[in-house]
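Student: Questions regarding the structure given below will be posed in turn.
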Amino acid sequence: EAQVTQNPRYLITVTGKKLTVTCSQNMNHEYMSWYRQDPGLGLRQIYYSMNVEVTDKGDVPEGYKVSRKEKRNFPLILESPSPNQTSLYFCASSFSGTSPYEQYFGPGTRLTVT
Amino acid sequence: AQKVTQAQTEISVVEKEDVTLDCVYETRDTTYYLFWYKQPPSGELVFLIRRNSFDEQNEISGRYSWNFQKSTSSFNFTITASQVVDSAVYFCALSGGNFGNEKLTFGTGTRLTIIP
C-alpha cells in the first residue's frame, strides 16, 4: 500500500530534550516536506527536500533541522524543543516535475513540549 | 510573497443544503497551481483537486465543484446537497517557490459542520 508513515504518532517531551520524528514513504517520491499545523494558522511549511541531499527552508524553519540521506526518509529533528513547538506535524511527499503534483500526507505527529 | 485567504473560519449548514467555501489567493507568479485538501475529524489530509493557472474551466466531481476565476484571484469550492460525511476542515493551497512547485502555502482552513 502506498503510504507516508510517521513515528511517533504522539509524543510528550520536556524542554531541551532532543527528539527526532521520522518520516518514510514507499512511493519513490523525489519531493518531501514537513508542515506544522496550529489552530487558526493552517499548515505552515517547515522544510522541504527536492531530492536526496537537497533540502531548503520553508516558512517556519527556526528550531528545526532535517536531513535527506535516503530517498524514502526525511526525519525532522528538534535539537532543543521549546513549548512553542507544541503542534501537530505532518510529513508529505510527491513526485517532482515541472508542475507540482498533489502531496501525500502522513497521519500526523502530535507533539507536546512541556 | 504568496498568500491564501480563507475568510470563513467556520460554517454550519443543515444536511442537503449547498455550501460554498471561499478561497482568495495572492501571487506574483504567472504560472501557479491551486489545491484543495480535506481534513476530516480523523485528522488525515486528503487531496481533492489541483488546478493550474491556465485552466479556468470549472470542474465538477460528483457533488463537488470548483470555480476558478483569475480575474478575482479566487478558487471557490461548492458542495451540493451536503452530507454529514462532508463535515471536515477544508484547506485551500497555492504552489510556488523558485521552481514553481516546491513551496505550498496553505490558507487557515474553513471548518464545515453539516447538521443532520
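Ordering of the C-alpha cells sets the chain letters (A, B, ...); residue numbers start at 1 within each chain; ligands are numbered from 1 in the order shown.
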Would you list the contacts of B:Thr113 as a list in words, taking every protein, DNA or RNA residue within 9 Å and counting only C-alpha atoms, but skipping same-chain residues closer than 3 positions in sequence?
Tutor: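 Everything that qualifies: Glu10, Ile11, Ser12, Val13, Val14, Val84, Asp86, Ser87, Ala88 and Val89 of chain B.
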Student: If the cut-off is 8 Å, can you tell me the residues of chain A near chain B, counting only C-alpha atoms? I'd like them as a list in words.
Tutor: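 Matching residues, ligands excluded from the count: Tyr31, Gly40, Leu41, Gly42, Leu43, Arg44, Gln45, Tyr48, Met50, Gly58, Ser96, Gly97, Thr98, Ser99, Pro100, Tyr101, Glu102, Gln103, Tyr104, Phe105, Gly106, Pro107 and Gly108 of chain A.
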Student: To one decimal place, how far is atom CA of B:Ser61 from atom CA of B:Tyr25 in Å?
Tutor: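 One can read the atom CA of B:Ser61 to atom CA of B:Tyr25 distance as 22.5 Å.
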Student: What is the atom CA of B:Asp18 to atom CA of B:Lys70 distance in Å?
Tutor: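 Separation between atom CA of B:Asp18 and atom CA of B:Lys70: 23.4 Å.
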Student: List the neighbours of B:Ile79 out to 9 Å using only C-alpha atoms; skip same-chain residues closer than 5 positions along the sequence, and give me the result as a list in words.
Tutor: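 Contacts, in chain order: Glu17, Asp18, Val19, Thr20, Leu21, Arg63, Tyr64, Ser65, Trp66 and Asp86 of chain B.
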Student: Skipping near chain neighbours, those fewer than 2 positions away, what residues fall within 10 Å of A:Gly16 using only C-alpha atoms, listed as a PyMOL selection string?
Tutor: chain A and resi 13-14+18-19+78-83+113-114
Student: Which residues are close to A:Arg72, i.e. within 10 Å by only C-alpha atoms, leaving aside same-chain residues fewer than 4 positions away? Reply as number ranges by chain.
Tutor: A: 4, 23-32, 51-52, 68, 93
Student: Keeping only C-alpha atoms, write the selected residues as a JSON list (two decimals), in the first residue's frame.
Tutor:
```
[["chain", "number", "residue", "atom", "x", "y", "z"],
["A", 4, "VAL", "CA", 3.67, 8.00, 4.15],
["A", 23, "CYS", "CA", 9.03, 10.12, 8.06],
["A", 24, "SER", "CA", 9.18, 7.45, 5.42],
["A", 25, "GLN", "CA", 7.44, 7.00, 2.07],
["A", 26, "ASN", "CA", 7.28, 3.96, -0.19],
["A", 27, "MET", "CA", 6.24, 5.67, -3.43],
["A", 28, "ASN", "CA", 9.72, 6.59, -4.71],
["A", 29, "HIS", "CA", 8.82, 10.27, -4.48],
["A", 30, "GLU", "CA", 11.57, 12.82, -5.01],
["A", 31, "TYR", "CA", 9.90, 15.60, -3.05],
["A", 32, "MET", "CA", 9.27, 15.54, 0.69],
["A", 51, "ASN", "CA", 15.71, 15.07, -3.67],
["A", 52, "VAL", "CA", 18.47, 13.26, -1.75],
["A", 68, "ARG", "CA", 17.70, 13.61, 3.40],
["A", 93, "SER", "CA", 5.73, 13.55, -0.30]]
```
